[in-house]
>>> print(open('upload.txt').read())   # compact mmCIF, C-alpha atoms
# COMPACT_ATOMS: atom_id res chain seq x y z
CA MET H 71 4.72 -23.89 17.90
CA THR H 72 7.65 -21.58 17.19
CA PHE H 73 7.31 -18.34 15.22
CA ALA H 74 10.33 -16.53 13.77
CA ILE H 75 10.53 -12.84 12.89
CA ILE H 76 12.78 -13.07 9.86
CA ARG H 77 15.27 -10.60 8.44
CA GLU H 78 14.28 -8.59 5.36
CA ARG H 79 16.62 -9.50 2.51
CA LYS H 80 15.13 -7.72 -0.49
CA ASN H 81 16.87 -4.72 -2.07
CA PRO H 82 16.41 -1.84 -1.70
CA PRO H 83 16.50 -2.52 2.07
CA ASP H 84 13.20 -2.39 3.93
CA ARG H 85 13.43 -1.42 7.59
CA ARG H 86 9.90 -2.55 8.48
CA VAL H 87 9.05 -5.63 10.53
CA VAL H 88 5.74 -7.35 11.30
CA PHE H 89 6.21 -7.15 15.08
CA SER H 90 7.81 -4.42 17.14
CA PRO H 91 9.50 -5.68 20.34
CA LYS H 92 6.64 -4.34 22.45
CA THR H 93 3.92 -5.96 20.34
CA LEU H 94 5.82 -9.24 20.21
CA ALA H 95 5.99 -9.22 24.01
CA LYS H 96 2.24 -8.70 24.04
CA ALA H 97 1.83 -11.69 21.70
CA ARG H 98 3.93 -13.87 24.02
CA GLN H 99 1.73 -12.84 26.94
CA GLU H 100 -1.49 -13.63 25.08
CA PHE H 101 -0.24 -16.93 23.67
CA PRO H 102 2.00 -18.55 26.32
CA ASP H 103 2.10 -21.82 24.37
CA ALA H 104 3.89 -20.11 21.50
CA GLU H 105 7.62 -19.48 21.25
CA PHE H 106 8.84 -16.39 19.42
CA ILE H 107 12.40 -15.97 18.13
CA VAL H 108 13.99 -13.17 16.11
CA GLU H 109 16.48 -13.40 13.26
CA THR H 110 19.26 -10.88 13.65
CA SER H 111 19.12 -7.82 11.37
CA LYS H 112 21.31 -4.76 10.88
CA ILE H 113 18.70 -2.77 8.96
CA ARG H 114 15.50 -3.34 10.97
CA VAL H 115 14.04 -0.16 12.49
CA PHE H 116 14.10 -1.87 15.90
CA LYS H 117 17.60 -2.96 16.85
CA ASP H 118 18.36 -6.50 18.00
CA ASP H 119 19.01 -5.30 21.53
CA ARG H 120 15.46 -3.96 21.77
CA TYR H 121 14.16 -7.52 21.29
CA ARG H 122 16.72 -8.92 23.73
CA LYS H 123 15.58 -6.34 26.28
CA TYR H 124 12.13 -7.97 26.16
CA GLY H 125 13.69 -11.39 26.66
CA PHE H 126 13.60 -12.71 23.09
CA GLU H 127 16.27 -14.91 21.54
CA VAL H 128 17.96 -13.12 18.63
CA LEU H 129 19.63 -15.69 16.39
CA ASP H 130 21.64 -15.96 13.19
CA ASN H 131 19.78 -19.17 12.34
CA VAL H 132 16.02 -19.45 12.92
CA SER H 133 15.51 -22.76 11.11
CA LYS H 134 14.06 -24.33 14.24
CA ALA H 135 10.89 -22.24 13.80
CA ASP H 136 7.72 -23.61 12.25
CA VAL H 137 6.33 -20.31 10.98
CA MET H 138 8.42 -17.57 9.35
CA ILE H 139 6.99 -14.05 9.47
CA GLY H 140 8.35 -11.33 7.19
CA VAL H 141 7.22 -8.30 5.19
CA LYS H 142 8.60 -8.33 1.63
CA GLU H 143 9.35 -11.22 -0.74
CA VAL H 144 11.93 -13.70 0.53
CA PRO H 145 14.69 -14.36 -2.03
CA ILE H 146 14.46 -17.87 -3.47
CA GLU H 147 17.86 -18.92 -2.12
CA ALA H 148 16.78 -17.94 1.42
CA LEU H 149 13.53 -19.94 1.46
CA MET H 150 13.62 -22.85 3.90
CA PRO H 151 11.78 -26.00 2.73
CA ASN H 152 8.80 -27.44 4.60
CA LYS H 153 8.07 -24.24 6.53
CA ALA H 154 5.08 -21.91 6.71
CA TYR H 155 5.74 -18.33 5.59
CA PHE H 156 3.93 -15.02 5.87
CA PHE H 157 5.01 -12.21 3.54
CA PHE H 158 3.80 -10.08 0.65
CA SER H 159 4.63 -12.42 -2.22
CA HIS H 160 3.33 -10.22 -5.05
CA THR H 161 2.28 -13.31 -6.98
CA ILE H 162 -1.51 -13.48 -6.64
CA LYS H 163 -2.06 -11.02 -9.51
CA LYS H 164 0.24 -13.14 -11.69
CA GLN H 165 3.11 -10.67 -11.45
CA PRO H 166 5.60 -12.10 -13.99
CA TYR H 167 8.69 -10.95 -12.09
CA ASN H 168 7.75 -13.29 -9.20
CA ARG H 169 6.73 -16.35 -11.20
CA ASP H 170 9.93 -18.16 -10.24
CA LEU H 171 9.37 -17.28 -6.59
CA LEU H 172 5.96 -18.98 -6.60
CA ARG H 173 7.42 -21.99 -8.38
CA ALA H 174 10.16 -22.25 -5.75
CA ILE H 175 7.60 -22.03 -2.94
CA LEU H 176 5.75 -24.99 -4.46
CA GLU H 177 8.94 -26.97 -5.11
CA LYS H 178 10.14 -26.44 -1.54
CA ASN H 179 6.81 -27.62 -0.08
CA ILE H 180 6.24 -24.26 1.64
CA THR H 181 2.88 -23.25 3.03
CA LEU H 182 2.48 -19.65 1.92
CA TYR H 183 0.17 -17.17 3.61
CA ASP H 184 0.23 -13.89 1.72
CA HIS H 185 -0.48 -10.81 3.86
CA GLU H 186 -2.64 -9.55 0.99
CA THR H 187 -4.90 -12.61 1.22
CA ILE H 188 -5.66 -12.25 4.93
CA VAL H 189 -9.32 -11.32 4.65
CA ASP H 190 -12.56 -11.72 6.56
CA SER H 191 -15.52 -13.82 5.42
CA ASN H 192 -16.68 -10.96 3.18
CA GLY H 193 -13.31 -10.66 1.48
CA TYR H 194 -12.21 -7.44 3.18
CA ARG H 195 -8.51 -7.20 3.96
CA LEU H 196 -7.73 -7.33 7.67
CA ILE H 197 -4.11 -6.20 7.76
CA GLY H 198 -1.84 -4.01 5.69
CA PHE H 199 0.21 -0.84 5.52
CA GLY H 200 -2.46 1.16 3.70
CA ARG H 201 -2.90 3.89 6.29
CA TYR H 202 0.83 4.61 6.30
CA ALA H 203 0.99 4.68 2.51
CA GLY H 204 -1.78 7.30 2.62
CA LEU H 205 -0.08 9.34 5.31
CA VAL H 206 3.31 9.41 3.59
CA GLY H 207 1.85 9.81 0.11
CA ALA H 208 -0.15 12.90 1.04
CA TYR H 209 2.82 14.37 2.92
CA ASN H 210 5.03 13.79 -0.12
CA GLY H 211 2.45 15.48 -2.32
CA PHE H 212 2.64 18.64 -0.25
CA ARG H 213 6.42 18.38 -0.14
CA ALA H 214 6.39 18.38 -3.96
CA LEU H 215 4.08 21.39 -3.99
CA GLY H 216 6.37 23.34 -1.67
CA LEU H 217 9.53 22.52 -3.60
CA ARG H 218 8.08 23.12 -7.04
CA ASP H 219 6.42 26.44 -6.26
CA GLY H 220 9.03 27.73 -3.80
CA LEU H 221 6.47 27.89 -0.98
CA PHE H 222 8.15 25.85 1.76
CA ASN H 223 10.72 23.10 2.19
CA LEU H 224 9.43 20.03 4.03
CA PRO H 225 12.11 17.50 5.00
CA LYS H 226 11.96 13.99 3.61
CA CYS H 227 9.62 11.79 5.58
CA GLU H 228 12.29 9.10 5.96
CA SER H 229 14.47 11.58 7.86
CA LEU H 230 11.82 12.04 10.57
CA ALA H 231 11.50 9.82 13.62
CA ASP H 232 7.80 9.06 13.52
CA LEU H 233 4.32 10.28 12.63
CA HIS H 234 4.38 12.82 15.45
CA ALA H 235 7.45 14.42 13.88
CA VAL H 236 5.81 14.38 10.45
CA LYS H 237 2.79 16.27 11.75
CA ALA H 238 5.03 18.72 13.59
CA GLU H 239 6.66 19.64 10.26
CA LEU H 240 3.24 20.15 8.67
CA ASP H 241 2.37 22.58 11.48
CA LYS H 242 5.07 24.92 10.13
CA ILE H 243 3.62 25.38 6.63
CA THR H 244 0.69 27.19 5.05
CA ILE H 245 -1.18 25.67 2.11
CA PRO H 246 -2.20 28.10 -0.63
CA ASN H 247 -5.76 28.49 -1.88
CA ILE H 248 -5.98 25.32 -3.99
CA LYS H 249 -8.58 22.63 -4.63
CA ILE H 250 -7.52 19.07 -3.85
CA LEU H 251 -9.26 15.91 -5.04
CA LEU H 252 -8.83 12.69 -3.04
CA SER H 253 -10.04 9.38 -4.49
CA GLY H 254 -10.89 6.29 -2.45
CA THR H 255 -12.59 5.25 0.76
CA GLY H 256 -10.24 2.60 2.15
CA LYS H 257 -7.30 2.71 4.53
CA VAL H 258 -5.06 4.49 2.02
CA ALA H 259 -7.53 7.32 1.46
CA LYS H 260 -8.20 7.57 5.20
CA GLY H 261 -4.47 7.97 5.82
CA ALA H 262 -4.27 10.73 3.23
CA ALA H 263 -7.34 12.43 4.71
CA GLU H 264 -5.64 12.34 8.11
CA ILE H 265 -2.90 14.57 6.68
CA LEU H 266 -5.38 16.89 4.98
CA ASN H 267 -7.38 17.24 8.17
CA HIS H 268 -4.25 17.85 10.23
CA LEU H 269 -3.39 20.71 7.90
CA GLY H 270 -6.81 22.18 8.59
CA ILE H 271 -7.90 21.87 4.96
CA LYS H 272 -11.69 22.01 4.78
CA GLU H 273 -13.55 19.05 3.27
CA VAL H 274 -16.46 19.98 0.99
CA SER H 275 -19.12 17.99 -0.84
CA ASP H 276 -18.62 17.14 -4.49
CA ALA H 277 -21.56 19.37 -5.44
CA LEU H 278 -19.92 22.42 -3.84
CA TYR H 279 -16.48 21.41 -5.08
CA LEU H 280 -17.64 21.21 -8.69
CA THR H 281 -19.59 24.47 -8.70
CA SER H 282 -17.92 26.86 -6.27
CA GLU H 283 -14.77 28.92 -5.81
CA PHE H 284 -13.23 29.22 -2.36
CA THR H 285 -11.07 31.67 -0.46
CA GLU H 286 -9.22 28.88 1.36
CA PRO H 287 -7.76 25.48 0.43
CA VAL H 288 -10.40 22.73 0.27
CA TYR H 289 -10.55 19.06 -0.57
CA CYS H 290 -13.20 16.71 -1.88
CA ARG H 291 -13.16 12.97 -1.37
CA VAL H 292 -14.73 10.92 -4.15
CA ASP H 293 -15.67 7.27 -4.40
CA VAL H 294 -15.96 5.17 -7.53
CA MET H 295 -19.60 6.13 -8.01
CA GLU H 296 -18.53 9.76 -8.36
CA TYR H 297 -15.61 9.33 -10.75
CA ALA H 298 -17.25 6.54 -12.83
CA LYS H 299 -20.71 6.33 -14.38
CA ARG H 300 -22.79 3.82 -16.29
CA LYS H 301 -22.46 4.02 -20.06
CA ASP H 302 -26.23 3.78 -20.51
CA GLY H 303 -26.91 6.76 -18.27
CA LYS H 304 -28.70 4.79 -15.56
CA VAL H 305 -27.90 5.13 -11.88
CA GLY H 306 -24.76 3.22 -10.97
CA ASP H 307 -24.41 0.64 -8.22
CA ARG H 308 -21.17 0.18 -6.30
CA LEU H 309 -21.51 -3.58 -5.81
CA GLU H 310 -22.42 -4.01 -9.46
CA PHE H 311 -19.32 -2.03 -10.43
CA TYR H 312 -17.04 -4.14 -8.26
CA LYS H 313 -18.52 -7.31 -9.74
CA ASP H 314 -18.29 -6.19 -13.36
CA PRO H 315 -17.11 -2.66 -14.22
CA THR H 316 -17.22 -3.12 -18.01
CA GLY H 317 -20.55 -1.27 -18.28
CA TYR H 318 -19.01 1.89 -16.79
CA GLU H 319 -16.95 4.78 -18.12
CA SER H 320 -14.93 7.56 -16.51
CA ASN H 321 -16.66 10.57 -15.01
CA PHE H 322 -13.40 12.13 -13.85
CA MET H 323 -13.14 15.11 -16.20
CA PRO H 324 -15.62 17.34 -14.29
CA TYR H 325 -13.27 17.05 -11.29
CA ALA H 326 -10.11 17.45 -13.38
CA LYS H 327 -11.43 20.76 -14.72
CA VAL H 328 -11.62 22.33 -11.25
CA SER H 329 -8.81 20.59 -9.30
CA ASP H 330 -5.22 21.74 -8.79
CA MET H 331 -3.94 18.65 -6.97
CA PHE H 332 -5.05 15.02 -7.14
CA ILE H 333 -4.26 12.46 -4.43
CA ALA H 334 -4.94 8.98 -5.82
CA GLY H 335 -5.88 6.71 -2.94
CA HIS H 336 -8.33 4.45 -4.73
CA PHE H 337 -8.08 0.74 -5.50
CA TYR H 338 -8.05 0.00 -9.21
CA GLY H 339 -9.62 -3.28 -10.27
CA ASN H 340 -9.18 -5.18 -13.52
CA ASN H 341 -11.33 -3.95 -16.43
CA ALA H 342 -12.40 -0.80 -14.58
CA PRO H 343 -12.36 2.39 -16.68
CA TYR H 344 -9.28 4.58 -16.45
CA LEU H 345 -9.80 7.75 -14.42
CA PHE H 346 -8.08 9.86 -17.05
CA THR H 347 -6.18 9.06 -20.22
CA ARG H 348 -3.28 10.71 -22.02
CA GLU H 349 -5.80 12.32 -24.36
CA ASP H 350 -7.78 13.68 -21.41
CA VAL H 351 -4.66 15.39 -20.06
CA LYS H 352 -4.23 17.22 -23.39
CA HIS H 353 -7.67 18.82 -23.05
CA PRO H 354 -7.29 22.58 -22.53
CA ASP H 355 -9.64 22.45 -19.52
CA PHE H 356 -7.63 19.78 -17.69
CA LYS H 357 -6.42 21.74 -14.66
CA ILE H 358 -4.62 19.23 -12.39
CA ASN H 359 -0.92 20.03 -12.22
CA LEU H 360 0.19 17.83 -9.30
CA VAL H 361 -0.59 14.15 -8.78
CA ALA H 362 0.31 12.24 -5.62
CA ASP H 363 -0.38 8.75 -6.90
CA ILE H 364 -0.39 6.51 -3.85
CA SER H 365 -2.13 3.71 -5.76
CA CYS H 366 0.74 3.75 -8.29
CA ASP H 367 -0.68 1.65 -11.14
CA ILE H 368 1.85 2.17 -13.89
CA ASP H 369 0.69 3.35 -17.33
CA GLY H 370 -2.90 2.72 -16.30
CA PRO H 371 -5.83 4.57 -14.74
CA VAL H 372 -3.81 7.72 -13.94
CA ALA H 373 -2.20 8.62 -17.25
CA SER H 374 0.56 10.79 -15.81
CA THR H 375 1.97 7.88 -13.80
CA ILE H 376 4.34 6.44 -16.39
CA ARG H 377 6.77 4.85 -13.91
CA PRO H 378 7.18 4.35 -10.19
CA SER H 379 9.44 6.85 -8.45
CA THR H 380 11.73 6.16 -5.52
CA ILE H 381 12.20 7.37 -1.97
CA ALA H 382 15.54 8.80 -3.08
CA GLU H 383 14.01 10.60 -6.10
CA PRO H 384 10.27 10.80 -5.40
CA PHE H 385 9.17 13.33 -8.04
CA TYR H 386 9.17 13.64 -11.81
CA GLY H 387 7.24 15.61 -14.39
CA TYR H 388 4.85 14.43 -17.10
CA ASP H 389 4.56 16.53 -20.24
CA PRO H 390 1.00 16.16 -21.58
CA LYS H 391 2.00 17.21 -25.10
CA THR H 392 4.89 14.81 -25.64
CA GLU H 393 3.64 12.14 -23.19
CA LYS H 394 7.22 11.97 -21.92
CA GLU H 395 8.95 12.41 -18.59
CA VAL H 396 10.44 15.82 -17.84
CA ALA H 397 11.74 17.64 -14.76
CA PHE H 398 9.21 17.72 -11.91
CA ASP H 399 9.17 21.52 -12.00
CA ALA H 400 9.19 21.94 -15.78
CA GLU H 401 6.79 24.55 -17.14
CA GLY H 402 3.48 23.04 -18.24
CA ALA H 403 4.26 19.64 -16.70
CA ILE H 404 2.18 17.66 -14.25
CA THR H 405 4.29 17.03 -11.16
CA VAL H 406 4.06 13.34 -10.23
CA MET H 407 4.79 11.58 -6.92
CA ALA H 408 4.52 7.84 -7.49
CA VAL H 409 6.67 6.14 -4.86
CA ASP H 410 5.54 2.50 -4.69
CA ASN H 411 6.90 1.66 -1.22
CA LEU H 412 5.68 4.64 0.79
CA PRO H 413 5.26 2.91 4.20
CA CYS H 414 9.04 2.29 4.21
CA GLU H 415 9.43 6.00 5.00
CA LEU H 416 7.63 5.56 8.32
CA PRO H 417 9.01 2.16 9.36
CA LYS H 418 8.48 2.52 13.11
CA ASP H 419 4.83 3.59 13.01
CA ALA H 420 4.02 1.26 10.11
CA SER H 421 5.54 -1.73 11.92
CA GLU H 422 3.75 -0.97 15.17
CA GLY H 423 0.39 -0.61 13.45
CA PHE H 424 0.84 -3.73 11.32
CA GLY H 425 1.84 -5.85 14.31
CA GLU H 426 -1.22 -4.84 16.31
CA THR H 427 -3.56 -5.98 13.53
CA PHE H 428 -1.57 -9.20 12.95
CA LEU H 429 -1.82 -9.97 16.66
CA LYS H 430 -5.55 -9.28 16.65
CA HIS H 431 -6.58 -11.14 13.51
CA VAL H 432 -3.97 -13.76 12.61
CA LEU H 433 -2.18 -15.23 15.62
CA PRO H 434 -5.40 -16.33 17.39
CA ALA H 435 -6.19 -18.54 14.39
CA PHE H 436 -3.23 -20.77 15.24
CA PHE H 437 -4.67 -21.48 18.69
CA ASN H 438 -8.45 -21.55 18.17
CA ASN H 439 -8.49 -24.12 15.36
CA ASP H 440 -8.84 -21.27 12.84
CA ALA H 441 -12.38 -20.61 14.07
CA LYS H 442 -12.95 -17.71 11.67
CA GLY H 443 -11.28 -19.36 8.66
CA ILE H 444 -8.56 -16.70 8.51
CA LEU H 445 -5.70 -19.10 7.76
CA GLU H 446 -7.73 -21.25 5.40
CA ARG H 447 -8.64 -18.25 3.24
CA ALA H 448 -5.11 -16.81 3.33
CA LYS H 449 -3.32 -20.04 2.41
CA VAL H 450 -1.99 -19.83 -1.14
CA THR H 451 0.07 -23.05 -1.23
CA GLU H 452 0.15 -26.27 0.78
CA ASN H 453 1.78 -29.67 0.28
CA GLY H 454 3.46 -28.52 -2.91
CA GLN H 455 0.16 -27.49 -4.51
CA LEU H 456 -1.89 -24.36 -4.97
CA THR H 457 -4.90 -24.37 -2.67
CA GLU H 458 -8.37 -24.47 -4.20
CA ARG H 459 -8.89 -20.74 -3.82
CA PHE H 460 -5.72 -20.00 -5.80
CA LYS H 461 -5.95 -22.67 -8.49
CA TYR H 462 -6.35 -19.84 -11.00
CA LEU H 463 -2.57 -19.34 -10.66
CA GLN H 464 -1.77 -22.77 -12.13
CA ASP H 465 -1.45 -21.53 -15.72
CA PHE H 466 0.77 -18.75 -14.44
CA VAL H 467 2.99 -21.27 -12.66
CA ASP H 468 3.07 -23.46 -15.77
CA GLY H 469 4.12 -20.54 -17.92
CA LYS H 470 1.00 -20.70 -20.09
CA GLU H 471 0.11 -17.06 -19.43
>>> encode(input="upload.txt", output="structure tokens")
Amino acid sequence: MTFAIIRERKNPPDRRVVFSPKTLAKARQEFPDAEFIVETSKIRVFKDDRYRKYGFEVLDNVSKADVMIGVKEVPIEALMPNKAYFFFSHTIKKQPYNRDLLRAILEKNITLYDHETIVDSNGYRLIGFGRYAGLVGAYNGFRALGLRDGLFNLPKCESLADLHAVKAELDKITIPNIKILLSGTGKVAKGAAEILNHLGIKEVSDALYLTSEFTEPVYCRVDVMEYAKRKDGKVGDRLEFYKDPTGYESNFMPYAKVSDMFIAGHFYGNNAPYLFTREDVKHPDFKINLVADISCDIDGPVASTIRPSTIAEPFYGYDPKTEKEVAFDAEGAITVMAVDNLPCELPKDASEGFGETFLKHVLPAFFNNDAKGILERAKVTENGQLTERFKYLQDFVDGKE
């Protein structure tokens, strides 16, 4: 079986890759029956010669491969029929802008494995760039703070070589006495917490956070059972919430009244209550004035996130009174960081981390008869049809919704 590391073709350019040269060499060692080839790329964070150095073929045409492995969506015109593909398709939530992509995948008889659908038997995602989104998102939040308030001037993350360099820049700054709220418990939130901890910011319990003043910067990490509550006043249950959140309402305002900065690292599910609304932001006690929205759900659970921002222009302001965008440092505005492709700013580290997990969880499935059902669960399309697990997308494909 031949695997190809394909070139990223989506704009804006993405320098990430699923396998670094070193990790790909490790894969070849672990699976000697597999052949790995690399499609040439001028933008990839690892140059072609790095792969050649490890003895890999770097080719203009990789059509001889059986399995194509990429990161972002493959343009329709570049899809090769009758192949298996791995990439983030951004179709499984019925994203309308990729409807034609899913149709083309079916028409071209492609077997699609979406990175987002690579889960264990309990449905937990096994691979992703979440940690790096959290790392860069938190860094960018502090960069916004420094620029807006004239405290310090952190360089753009994309201009730094790696995570070590990012942390070295953070060692040069001092965070003022502010209270920071971090939402979430997954890989994104853990990445953000890694930055907070590196800065030496003290973590405190929600009870202390809500009732106390501090003489140093602190942060509080909250899960859904802290920022949401049952409408009937009974004790909430996390699993119940994940199954059906319609019986819950937001409990975010107590935190908003005492927080200066909010780092949104949570996962937002359908029908869950919004954390805070546009009306909430108008409340005179709403204190948050800087939001690093790593989750980046537009015009949704975080009211100040009215559009995604970009790596080139990562910050904007939200005026609570007019509900309009203003300058990120405008008086009375909430400063917003809502870059939706944060891991692209740390392409080397993100690629290395992603490849290690792909090697651990996915590649073995091709050689052990998919013993853990990894491929079976991840398979979105096969033989020109949606698989049983993804039949719910049929109406989307047909244009009925």
>>> residues_around(input="upload.txt", residues="Glu143 of chain H", least_positions_apart="5", cutoff="9 Å", atoms="all atoms listed in the file", output="count of residues only")
9
>>> closest_atom_pairs(input="upload.txt", of="segment 398-430 of chain H", to="segment 132-141 of chain H", cutoff="12 Å", atoms="only C-alpha atoms", output="CSV")
residue,atom,partner,partner_atom,distance
H:Asn411,CA,H:Val141,CA,11.8
H:Pro413,CA,H:Val141,CA,11.4
H:Cys414,CA,H:Val141,CA,10.8
H:Pro417,CA,H:Val141,CA,11.4
H:Ala420,CA,H:Val141,CA,11.2
H:Ser421,CA,H:Val141,CA,9.6
H:Phe424,CA,H:Val141,CA,10.0
H:Gly425,CA,H:Ile139,CA,10.8
H:Phe428,CA,H:Ile139,CA,10.4
>>> closest_residue(input="upload.txt", among="H:Phe222, H:Phe311, H:Tyr155, H:Phe106", to="Thr451 of chain H", atoms="only C-alpha atoms")
H:Tyr155
>>> closest_residue(input="upload.txt", among="H:Glu239, H:Asp170, H:Asp399, H:Glu393", to="Pro225 of chain H", atoms="all atoms listed in the file")
H:Glu239
>>> atom_distance(input="upload.txt", atom1="atom CA of Asp369 of chain H", atom2="atom CA of Glu310 of chain H")
25.5 Å
>>> closest_residue(input="upload.txt", among="H:Gly469, H:Gly125, H:Gly335, H:Pro246", to="Ala263 of chain H", atoms="all atoms listed in the file")
H:Gly335
>>> closest_residue(input="upload.txt", among="H:Glu228, H:Glu349, H:Glu452, H:Asp184", to="Pro384 of chain H", atoms="all atoms listed in the file")
H:Glu228
>>> residues_near_point(input="upload.txt", point="(-8.0, -5.8, -13.7)", cutoff="12 Å", atoms="all atoms listed in the file", output="list in words")
Lys163, Lys164, Tyr312, Lys313, Asp314, Pro315, Thr316, Phe337, Tyr338, Gly339, Asn340, Asn341, Ala342, Pro343, Tyr344, Asp367, Gly370 and Pro371 of chain H
>>> closest_residue(input="upload.txt", among="H:Pro151, H:Gly254, H:Gly270, H:Gly261", to="Met295 of chain H", atoms="only C-alpha atoms")
H:Gly254
>>> closest_atom_pairs(input="upload.txt", of="segment 224-294 of chain H", to="segment 320-328 of chain H", cutoff="9 Å", atoms="only C-alpha atoms", output="CSV")
residue,atom,partner,partner_atom,distance
H:Lys249,CA,H:Val328,CA,7.3
H:Leu251,CA,H:Tyr325,CA,7.5
H:Asp276,CA,H:Tyr325,CA,8.7
H:Tyr279,CA,H:Val328,CA,7.9
H:Leu280,CA,H:Tyr325,CA,6.6
H:Thr281,CA,H:Val328,CA,8.6
>>> write_last_selection(input="upload.txt", atoms="C-alpha atoms", output="mmCIF file, in the coordinates of the input")
data_model
loop_
_atom_site.group_PDB
_atom_site.id
_atom_site.type_symbol
_atom_site.label_atom_id
_atom_site.label_comp_id
_atom_site.auth_asym_id
_atom_site.auth_seq_id
_atom_site.Cartn_x
_atom_site.Cartn_y
_atom_site.Cartn_z
ATOM 1 C CA LYS H 249 -8.580 22.630 -4.630
ATOM 2 C CA LEU H 251 -9.260 15.910 -5.040
ATOM 3 C CA ASP H 276 -18.620 17.140 -4.490
ATOM 4 C CA TYR H 279 -16.480 21.410 -5.080
ATOM 5 C CA LEU H 280 -17.640 21.210 -8.690
ATOM 6 C CA THR H 281 -19.590 24.470 -8.700
#
>>> residues_around(input="upload.txt", residues="Ile107 of chain H", least_positions_apart="3", cutoff="9 Å", atoms="only C-alpha atoms", output="list in words")
Thr72, Phe73, Ala74, Ile75, Ile76, Phe126, Glu127, Val128, Leu129, Val132 and Ala135 of chain H
>>> write_last_selection(input="upload.txt", atoms="C-alpha atoms", output="compact mmCIF listing (two decimals), in the coordinates of the input")
# COMPACT_ATOMS: atom_id res chain seq x y z
CA THR H 72 7.65 -21.58 17.19
CA PHE H 73 7.31 -18.34 15.22
CA ALA H 74 10.33 -16.53 13.77
CA ILE H 75 10.53 -12.84 12.89
CA ILE H 76 12.78 -13.07 9.86
CA PHE H 126 13.60 -12.71 23.09
CA GLU H 127 16.27 -14.91 21.54
CA VAL H 128 17.96 -13.12 18.63
CA LEU H 129 19.63 -15.69 16.39
CA VAL H 132 16.02 -19.45 12.92
CA ALA H 135 10.89 -22.24 13.80
>>> closest_residue(input="upload.txt", among="H:Leu463, H:Ala97, H:Ala214, H:Leu224", to="Thr405 of chain H", atoms="all atoms listed in the file")
H:Ala214
>>> residues_around(input="upload.txt", residues="Ile404 of chain H", least_positions_apart="3", cutoff="10 Å", atoms="all atoms listed in the file", output="list in words")
Met331, Val351, Lys357, Ile358, Asn359, Leu360, Val361, Ser374, Thr375, Tyr386, Gly387, Tyr388, Asp389, Pro390, Glu395, Val396, Ala397, Phe398, Asp399, Ala400, Glu401 and Met407 of chain H
>>> residues_around(input="upload.txt", residues="Pro102 of chain H", least_positions_apart="5", cutoff="12 Å", atoms="only C-alpha atoms", output="PDB file with C-alpha atoms, keeping the file's coordinate frame")
ATOM      1  CA  MET H  71       4.720 -23.890  17.900  1.00  0.00           C
ATOM      2  CA  THR H  72       7.650 -21.580  17.190  1.00  0.00           C
ATOM      3  CA  LEU H  94       5.820  -9.240  20.210  1.00  0.00           C
ATOM      4  CA  ALA H  95       5.990  -9.220  24.010  1.00  0.00           C
ATOM      5  CA  LYS H  96       2.240  -8.700  24.040  1.00  0.00           C
ATOM      6  CA  ALA H  97       1.830 -11.690  21.700  1.00  0.00           C
ATOM      7  CA  LEU H 433      -2.180 -15.230  15.620  1.00  0.00           C
ATOM      8  CA  PRO H 434      -5.400 -16.330  17.390  1.00  0.00           C
ATOM      9  CA  PHE H 437      -4.670 -21.480  18.690  1.00  0.00           C
TER      10      PHE H 437
END
>>> atom_distance(input="upload.txt", atom1="atom CA of Phe199 of chain H", atom2="atom CA of Arg122 of chain H")
25.9 Å
>>> atom_distance(input="upload.txt", atom1="atom CA of Leu412 of chain H", atom2="atom CA of Cys366 of chain H")
10.4 Å
>>> build_atoms(input="upload.txt", residues="segment 275-281 of chain H", atoms="N, CA, C and O atoms", output="mmCIF file, keeping the file's coordinate frame")
data_model
loop_
_atom_site.group_PDB
_atom_site.id
_atom_site.type_symbol
_atom_site.label_atom_id
_atom_site.label_comp_id
_atom_site.auth_asym_id
_atom_site.auth_seq_id
_atom_site.Cartn_x
_atom_site.Cartn_y
_atom_site.Cartn_z
ATOM 1 N N SER H 275 -18.398 18.968 -0.042
ATOM 2 C CA SER H 275 -19.120 17.990 -0.840
ATOM 3 C C SER H 275 -18.742 18.120 -2.310
ATOM 4 O O SER H 275 -18.249 19.174 -2.752
ATOM 5 N N ASP H 276 -18.975 17.056 -3.079
ATOM 6 C CA ASP H 276 -18.620 17.140 -4.490
ATOM 7 C C ASP H 276 -19.463 18.175 -5.221
ATOM 8 O O ASP H 276 -18.986 18.834 -6.153
ATOM 9 N N ALA H 277 -20.700 18.372 -4.789
ATOM 10 C CA ALA H 277 -21.560 19.370 -5.440
ATOM 11 C C ALA H 277 -20.963 20.778 -5.286
ATOM 12 O O ALA H 277 -20.877 21.544 -6.253
ATOM 13 N N LEU H 278 -20.540 21.115 -4.076
ATOM 14 C CA LEU H 278 -19.920 22.420 -3.840
ATOM 15 C C LEU H 278 -18.570 22.510 -4.552
ATOM 16 O O LEU H 278 -18.227 23.536 -5.140
ATOM 17 N N TYR H 279 -17.820 21.439 -4.498
ATOM 18 C CA TYR H 279 -16.480 21.410 -5.080
ATOM 19 C C TYR H 279 -16.540 21.692 -6.585
ATOM 20 O O TYR H 279 -15.709 22.423 -7.126
ATOM 21 N N LEU H 280 -17.537 21.102 -7.242
ATOM 22 C CA LEU H 280 -17.640 21.210 -8.690
ATOM 23 C C LEU H 280 -18.186 22.562 -9.152
ATOM 24 O O LEU H 280 -17.983 22.950 -10.311
ATOM 25 N N THR H 281 -18.879 23.261 -8.261
ATOM 26 C CA THR H 281 -19.590 24.470 -8.700
ATOM 27 C C THR H 281 -19.116 25.763 -8.054
ATOM 28 O O THR H 281 -19.545 26.840 -8.469
#
